[in-house]
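Next comes query-v3.pdb, with PDB, C-alpha atoms and all ligand atoms.
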```
ATOM      1  CA  MET A   1      -1.870 -13.129 -18.153
ATOM      2  CA  ASP A   2       0.285 -10.035 -17.827
ATOM      3  CA  PHE A   3      -0.072  -8.816 -14.229
ATOM      4  CA  VAL A   4       0.278  -5.085 -14.921
ATOM      5  CA  SER A   5      -2.504  -5.107 -17.525
ATOM      6  CA  SER A   6      -4.799  -7.335 -15.440
ATOM      7  CA  GLN A   7      -7.990  -6.327 -13.648
ATOM      8  CA  THR A   8      -6.362  -7.602 -10.451
ATOM      9  CA  PHE A   9      -3.591  -5.024 -10.790
ATOM     10  CA  ALA A  10      -6.210  -2.305 -11.346
ATOM     11  CA  ASN A  11      -8.152  -3.547  -8.312
ATOM     12  CA  LEU A  12      -5.004  -3.414  -6.183
ATOM     13  CA  GLN A  13      -4.562   0.201  -7.309
ATOM     14  CA  THR A  14      -8.143   1.029  -6.338
ATOM     15  CA  ALA A  15      -7.742  -0.686  -2.973
ATOM     16  CA  TYR A  16      -4.455   1.168  -2.408
ATOM     17  CA  GLN A  17      -6.098   4.540  -3.090
ATOM     18  CA  ASP A  18      -9.188   3.724  -1.013
ATOM     19  CA  GLU A  19      -7.113   2.618   1.968
ATOM     20  CA  LEU A  20      -4.984   5.762   1.739
ATOM     21  CA  MET A  21      -8.103   7.934   1.709
ATOM     22  CA  ALA A  22      -9.594   6.018   4.629
ATOM     23  CA  SER A  23      -6.394   6.429   6.621
ATOM     24  CA  SER A  24      -6.278  10.197   6.044
ATOM     25  CA  ARG A  25      -9.981  10.556   6.751
ATOM     26  CA  TYR A  26      -9.643   8.682  10.065
ATOM     27  CA  ARG A  27      -6.754  10.969  11.059
ATOM     28  CA  PHE A  28      -9.004  13.999  10.545
ATOM     29  CA  PHE A  29     -11.815  12.285  12.444
ATOM     30  CA  ALA A  30      -9.422  11.427  15.274
ATOM     31  CA  ALA A  31      -8.368  15.083  15.509
ATOM     32  CA  ARG A  32     -11.997  16.164  15.748
ATOM     33  CA  ALA A  33     -12.787  13.512  18.358
ATOM     34  CA  ASP A  34      -9.769  14.787  20.336
ATOM     35  CA  GLU A  35     -11.087  18.356  20.109
ATOM     36  CA  ASP A  36     -14.449  17.077  21.328
ATOM     37  CA  GLY A  37     -12.771  15.431  24.329
ATOM     38  CA  LYS A  38     -13.671  11.924  23.143
ATOM     39  CA  LYS A  39     -10.245  10.373  23.654
ATOM     40  CA  SER A  40     -11.253   6.727  23.327
ATOM     41  CA  VAL A  41     -13.022   7.457  20.028
ATOM     42  CA  ALA A  42      -9.969   9.408  18.824
ATOM     43  CA  MET A  43      -7.758   6.445  19.679
ATOM     44  CA  SER A  44     -10.069   4.069  17.801
ATOM     45  CA  PHE A  45      -9.869   6.304  14.729
ATOM     46  CA  GLY A  46      -6.093   6.436  15.137
ATOM     47  CA  ARG A  47      -5.782   2.646  15.273
ATOM     48  CA  MET A  48      -7.977   2.208  12.197
ATOM     49  CA  ALA A  49      -5.952   4.873  10.370
ATOM     50  CA  ASP A  50      -2.725   2.979  11.128
ATOM     51  CA  ARG A  51      -4.245  -0.276   9.874
ATOM     52  CA  ALA A  52      -5.600   1.341   6.703
ATOM     53  CA  MET A  53      -2.110   2.704   6.000
ATOM     54  CA  ILE A  54      -0.666  -0.804   6.398
ATOM     55  CA  HIS A  55      -3.336  -2.139   4.022
ATOM     56  CA  ALA A  56      -2.355   0.515   1.476
ATOM     57  CA  SER A  57       1.307  -0.427   1.826
ATOM     58  CA  VAL A  58       0.531  -4.133   1.340
ATOM     59  CA  CYS A  59      -1.477  -3.388  -1.832
ATOM     60  CA  LEU A  60       1.309  -1.207  -3.232
ATOM     61  CA  LYS A  61       3.914  -3.881  -2.494
ATOM     62  CA  MET A  62       1.725  -6.542  -4.123
ATOM     63  CA  GLN A  63       1.722  -4.447  -7.292
ATOM     64  CA  HIS A  64       5.520  -4.276  -7.244
ATOM     65  CA  GLY A  65       6.578  -7.843  -6.593
ATOM     66  CA  GLY A  66       6.392  -7.714  -2.807
ATOM     67  CA  VAL A  67       8.516  -4.624  -2.199
ATOM     68  CA  LEU A  68       7.970  -0.890  -2.279
ATOM     69  CA  PRO A  69       9.243   0.814  -5.446
ATOM     70  CA  THR A  70      12.684   2.423  -5.203
ATOM     71  CA  THR A  71      13.043   6.007  -3.993
ATOM     72  CA  LEU A  72      13.949   7.088  -7.514
ATOM     73  CA  GLU A  73      10.818   5.399  -8.891
ATOM     74  CA  ASN A  74       8.761   7.043  -6.127
ATOM     75  CA  LEU A  75      10.209  10.479  -6.898
ATOM     76  CA  ARG A  76       9.368  10.072 -10.587
ATOM     77  CA  ALA A  77       5.849   8.841  -9.711
ATOM     78  CA  ALA A  78       5.337  11.764  -7.319
ATOM     79  CA  ALA A  79       6.534  14.256  -9.954
ATOM     80  CA  LYS A  80       4.102  12.772 -12.467
ATOM     81  CA  CYS A  81       1.254  12.957  -9.962
ATOM     82  CA  GLU A  82       1.962  16.614  -9.101
ATOM     83  CA  PHE A  83       2.299  17.444 -12.804
ATOM     84  CA  GLY A  84      -1.150  15.991 -13.475
ATOM     85  CA  GLU A  85      -2.599  17.965 -10.598
ATOM     86  CA  TRP A  86      -1.408  21.370 -11.765
ATOM     87  CA  THR A  87      -1.705  20.889 -15.518
ATOM     88  CA  HIS A  88      -5.103  19.247 -15.516
ATOM     89  CA  LYS A  89      -7.019  18.616 -12.350
ATOM     90  CA  TYR A  90      -6.794  21.796 -10.265
ATOM     91  CA  TYR A  91      -6.848  24.382 -13.052
ATOM     92  CA  ILE A  92      -9.863  22.650 -14.596
ATOM     93  CA  CYS A  93     -11.523  22.524 -11.170
ATOM     94  CA  ALA A  94     -10.803  26.246 -10.750
ATOM     95  CA  GLN A  95     -12.350  27.015 -14.137
ATOM     96  CA  THR A  96     -15.435  24.970 -13.291
ATOM     97  CA  ALA A  97     -15.774  26.707  -9.926
ATOM     98  CA  ARG A  98     -15.565  30.130 -11.635
ATOM     99  CA  GLU A  99     -18.208  29.118 -14.187
ATOM    100  CA  GLU A 100     -20.460  27.977 -11.365
ATOM    101  CA  GLY A 101     -19.876  31.165  -9.381
ATOM    102  CA  PHE A 102     -17.924  29.635  -6.495
ATOM    103  CA  LEU A 103     -15.061  32.123  -6.521
ATOM    104  CA  GLU A 104     -13.592  31.181  -3.154
ATOM    105  CA  SER A 105     -13.284  27.550  -4.268
ATOM    106  CA  ALA A 106     -11.837  28.708  -7.605
ATOM    107  CA  ALA A 107      -9.141  30.681  -5.772
ATOM    108  CA  LEU A 108      -8.351  27.643  -3.628
ATOM    109  CA  PHE A 109      -7.973  25.389  -6.699
ATOM    110  CA  ASP A 110      -5.712  27.960  -8.360
ATOM    111  CA  ARG A 111      -3.487  28.052  -5.287
ATOM    112  CA  LEU A 112      -3.409  24.251  -5.052
ATOM    113  CA  ALA A 113      -2.414  24.129  -8.729
ATOM    114  CA  ASP A 114       0.448  26.557  -8.049
ATOM    115  CA  ILE A 115       1.631  24.455  -5.104
ATOM    116  CA  SER A 116       1.437  21.268  -7.194
ATOM    117  CA  ARG A 117       3.523  22.955  -9.882
ATOM    118  CA  TYR A 118       6.175  23.803  -7.287
ATOM    119  CA  HIS A 119       6.054  20.246  -5.902
ATOM    120  CA  ASN A 120       6.483  18.857  -9.421
ATOM    121  CA  VAL A 121       9.676  20.890  -9.825
ATOM    122  CA  CYS A 122      10.952  19.798  -6.387
ATOM    123  CA  PHE A 123      10.383  16.109  -7.112
ATOM    124  CA  CYS A 124      11.932  16.381 -10.589
ATOM    125  CA  ASN A 125      14.999  18.102  -9.140
ATOM    126  CA  LEU A 126      15.352  15.475  -6.404
ATOM    127  CA  ALA A 127      14.954  12.627  -8.908
ATOM    128  CA  ASP A 128      17.560  14.154 -11.230
ATOM    129  CA  ALA A 129      19.980  14.747  -8.359
ATOM    130  CA  LEU A 130      19.521  11.205  -7.068
ATOM    131  CA  SER A 131      19.936   9.574 -10.473
ATOM    132  CA  GLU A 132      23.037  11.697 -11.211
ATOM    133  CA  GLU A 133      24.520  11.007  -7.747
ATOM    134  CA  ARG A 134      24.634  14.669  -6.765
ATOM    135  CA  LEU A 135      22.046  14.598  -3.983
ATOM    136  CA  PHE A 136      24.791  15.241  -1.413
ATOM    137  CA  ARG A 137      27.358  16.972  -3.597
ATOM    138  CA  ARG A 138      27.458  20.402  -5.260
ATOM    139  CA  GLU A 139      29.957  22.126  -7.525
ATOM    140  CA  GLU A 140      30.620  24.855  -4.954
ATOM    141  CA  ASP A 141      30.702  25.225  -1.189
ATOM    142  CA  THR A 142      27.255  24.545   0.225
ATOM    143  CA  VAL A 143      25.716  24.749   3.686
ATOM    144  CA  TRP A 144      24.484  21.328   4.801
ATOM    145  CA  MET A 145      22.483  20.687   7.959
ATOM    146  CA  CYS A 146      22.027  17.392   9.802
ATOM    147  CA  LEU A 147      18.269  16.928  10.091
ATOM    148  CA  ALA A 148      18.715  14.935  13.290
ATOM    149  CA  CYS A 149      20.885  17.193  15.488
ATOM    150  CA  GLY A 150      21.196  20.473  13.543
ATOM    151  CA  TYR A 151      24.956  20.282  12.936
ATOM    152  CA  VAL A 152      25.893  22.658  10.100
ATOM    153  CA  HIS A 153      28.664  21.796   7.649
ATOM    154  CA  THR A 154      29.926  24.007   4.797
ATOM    155  CA  HIS A 155      31.617  22.086   2.016
ATOM    156  CA  MET A 156      30.972  20.914  -1.548
ATOM    157  CA  ALA A 157      29.768  17.580  -0.164
ATOM    158  CA  ALA A 158      27.765  16.589   2.883
ATOM    159  CA  PRO A 159      29.853  14.568   5.359
ATOM    160  CA  GLU A 160      29.679  10.775   5.098
ATOM    161  CA  LYS A 161      28.606  10.727   8.734
ATOM    162  CA  CYS A 162      27.509  13.456  11.151
ATOM    163  CA  PRO A 163      30.411  14.186  13.539
ATOM    164  CA  VAL A 164      27.972  15.112  16.304
ATOM    165  CA  CYS A 165      25.200  12.499  16.287
ATOM    166  CA  GLY A 166      26.618   9.863  13.920
ATOM    167  CA  LYS A 167      23.722   9.865  11.471
ATOM    168  CA  ALA A 168      24.539   8.852   7.881
ATOM    169  CA  GLN A 169      24.954  11.275   4.954
ATOM    170  CA  GLY A 170      21.329  10.759   3.953
ATOM    171  CA  TRP A 171      20.301  12.880   6.963
ATOM    172  CA  PHE A 172      21.919  16.003   5.529
ATOM    173  CA  GLU A 173      19.912  18.660   3.731
ATOM    174  CA  ASP A 174      21.172  21.447   1.503
ATOM    175  CA  LEU A 175      20.039  24.597   3.317
ATOM    176  CA  SER A 176      20.434  26.775   0.253
ATOM    177  CA  GLY A 177      17.234  25.893  -1.430
ATOM    178  CA  GLY A 178      14.320  23.716  -2.281
ATOM    179  CA  GLU A 179      12.840  20.774  -0.506
TER     180      GLU A 179
HETATM  181 FE    FE B   1      23.786  15.068  13.453
END
```
What would the structure in this file look like if it were written as structure tokens?
Ligand SMILES: [Fe+2]
Amino acid sequence: MDFVSSQTFANLQTAYQDELMASSRYRFFAARADEDGKKSVAMSFGRMADRAMIHASVCLKMQHGGVLPTTLENLRAAAKCEFGEWTHKYYICAQTAREEGFLESAALFDRLADISRYHNVCFCNLADALSEERLFRREEDTVWMCLACGYVHTHMAAPEKCPVCGKAQGWFEDLSGGE
């Protein structure tokens, strides 16, 4: 049986999403327990959140032959996810909230849709730059910053290695725009 079209693959996807939600939820619960001064409870939530995240990672890897998808695949998947959020989910949720008279929620959904639209563009741009090998190279002088130590370098390309802290080129970010 083809793995990708199997129920097992679909179940792994459900488990992946459930574990991710549990992990995030436990982080919020840990923060609240911290605010309440219940440190041991906060730490328990934190441990469970870490484990749930590992479970999610294991399920995702199982879907992809034992490894995480490549960064390019992840950027494309993230762009697709954000696209679905702003074109369908959040605008429809906003419309429903307006019809039901919950205007504050409608405004929130509209703003989330706008943010998702921006994120979609960011991920698409990053994916294109990565696939075209121009993530660390521009056609004109560009200001690059080392995310580790803050060293700033103005050139068409980011340095192969940071001259201050030694981090690799992948640590450099184009300061001129986007995320
Ligand atoms: Fe550096």
List all protein, DNA and RNA residues that have any atom at most 9 Å from ligand FE 1 (chain B), counting all atoms listed in the file, and write the list as a list in words.
Met145, Cys146, Leu147, Ala148, Cys149, Gly150, Tyr151, Val152, Lys161, Cys162, Pro163, Val164, Cys165, Gly166, Lys167, Ala168, Trp171 and Phe172 of chain A
Find the axis-aligned box for segment 39-48 of chain A, covering all its listed atoms and adding 6 Å on each side, and write its centre and edge lengths in Å to one decimal as AutoDock Vina command-line options.
```
--center_x -9.4 --center_y 6.3 --center_z 17.9 --size_x 19.2 --size_y 20.2 --size_z 23.5
```
Atom CA of Ala77 of chain A and atom CA of Asp50 of chain A, how far apart in Å?
23.3 Å
I need the residue set behind the PyMOL selection byres (((chain A and resi 15-31) around 10) and not hetatm) for this file; please write it as a ChimeraX atom specification.
/A:9-14,32-61,63
Residue with smallest distance to Ala113 of chain A - pool A:Lys80, A:Arg98, A:Lys89, A:His153, counting all atoms listed in the file:
A:Lys89
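Our summary of the geometry notes that atom CA of Ser116 of chain A is positioned 18.5 Å from atom CA of Glu73 of chain A.
Pairwise distance (atom CA of Phe83 of chain A, atom CA of Leu135 of chain A) equals 21.8 Å.
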Please write as a PyMOL selection string the full residue list that the PyMOL selection byres (((chain A and resi 110) around 12) and not hetatm) yields on this file.
chain A and resi 85-98+103-109+111-117
Any chance you could work out the residue set of the PyMOL selection byres (((chain A and resi 119-130) around 7) and not hetatm) here, as a compact mmCIF listing (two decimals) with C-alpha atoms, in the frame of the given file?
```txt
# COMPACT_ATOMS: atom_id res chain seq x y z
CA LEU A 72 13.95 7.09 -7.51
CA LEU A 75 10.21 10.48 -6.90
CA ARG A 76 9.37 10.07 -10.59
CA ALA A 78 5.34 11.76 -7.32
CA ALA A 79 6.53 14.26 -9.95
CA GLU A 82 1.96 16.61 -9.10
CA PHE A 83 2.30 17.44 -12.80
CA ILE A 115 1.63 24.46 -5.10
CA SER A 116 1.44 21.27 -7.19
CA ARG A 117 3.52 22.96 -9.88
CA TYR A 118 6.18 23.80 -7.29
CA SER A 131 19.94 9.57 -10.47
CA GLU A 132 23.04 11.70 -11.21
CA GLU A 133 24.52 11.01 -7.75
CA ARG A 134 24.63 14.67 -6.76
CA LEU A 135 22.05 14.60 -3.98
CA GLY A 178 14.32 23.72 -2.28
CA GLU A 179 12.84 20.77 -0.51
```
Please return as a ChimeraX atom specification every residue within 12 Å of (27.8, 27.1, 2.2), taking into account only C-alpha atoms and the file's own coordinates.
/A:137-145,152-158,173-177
Could you write segment 157-169 of chain A as a PDB file, in the frame of the given file, with N, CA and C atoms rebuilt where they are missing?
```
ATOM      1  N   ALA A 157      30.522  18.810  -0.414  1.00  0.00           N
ATOM      2  CA  ALA A 157      29.768  17.580  -0.164  1.00  0.00           C
ATOM      3  C   ALA A 157      29.319  17.498   1.292  1.00  0.00           C
ATOM      4  N   ALA A 158      28.192  16.869   1.515  1.00  0.00           N
ATOM      5  CA  ALA A 158      27.765  16.589   2.883  1.00  0.00           C
ATOM      6  C   ALA A 158      28.705  15.532   3.465  1.00  0.00           C
ATOM      7  N   PRO A 159      28.971  15.587   4.780  1.00  0.00           N
ATOM      8  CA  PRO A 159      29.853  14.568   5.359  1.00  0.00           C
ATOM      9  C   PRO A 159      29.266  13.160   5.239  1.00  0.00           C
ATOM     10  N   GLU A 160      30.139  12.169   5.189  1.00  0.00           N
ATOM     11  CA  GLU A 160      29.679  10.775   5.098  1.00  0.00           C
ATOM     12  C   GLU A 160      28.867  10.404   6.329  1.00  0.00           C
ATOM     13  N   LYS A 161      29.253  11.048   7.460  1.00  0.00           N
ATOM     14  CA  LYS A 161      28.606  10.727   8.734  1.00  0.00           C
ATOM     15  C   LYS A 161      28.631  11.992   9.587  1.00  0.00           C
ATOM     16  N   CYS A 162      27.544  12.261  10.314  1.00  0.00           N
ATOM     17  CA  CYS A 162      27.509  13.456  11.151  1.00  0.00           C
ATOM     18  C   CYS A 162      28.510  13.312  12.305  1.00  0.00           C
ATOM     19  N   PRO A 163      29.419  14.297  12.466  1.00  0.00           N
ATOM     20  CA  PRO A 163      30.411  14.186  13.539  1.00  0.00           C
ATOM     21  C   PRO A 163      29.828  14.391  14.928  1.00  0.00           C
ATOM     22  N   VAL A 164      28.594  14.878  14.996  1.00  0.00           N
ATOM     23  CA  VAL A 164      27.972  15.112  16.304  1.00  0.00           C
ATOM     24  C   VAL A 164      27.110  13.922  16.727  1.00  0.00           C
ATOM     25  N   CYS A 165      26.153  13.536  15.870  1.00  0.00           N
ATOM     26  CA  CYS A 165      25.200  12.499  16.287  1.00  0.00           C
ATOM     27  C   CYS A 165      25.421  11.159  15.583  1.00  0.00           C
ATOM     28  N   GLY A 166      26.295  11.142  14.567  1.00  0.00           N
ATOM     29  CA  GLY A 166      26.618   9.863  13.920  1.00  0.00           C
ATOM     30  C   GLY A 166      25.658   9.432  12.834  1.00  0.00           C
ATOM     31  N   LYS A 167      24.659  10.255  12.537  1.00  0.00           N
ATOM     32  CA  LYS A 167      23.722   9.865  11.471  1.00  0.00           C
ATOM     33  C   LYS A 167      24.445   9.848  10.116  1.00  0.00           C
ATOM     34  N   ALA A 168      23.916   9.012   9.192  1.00  0.00           N
ATOM     35  CA  ALA A 168      24.539   8.852   7.881  1.00  0.00           C
ATOM     36  C   ALA A 168      24.298  10.083   6.996  1.00  0.00           C
ATOM     37  N   GLN A 169      25.007  10.130   5.879  1.00  0.00           N
ATOM     38  CA  GLN A 169      24.954  11.275   4.954  1.00  0.00           C
ATOM     39  C   GLN A 169      23.529  11.605   4.504  1.00  0.00           C
TER      40      GLN A 169
END
```
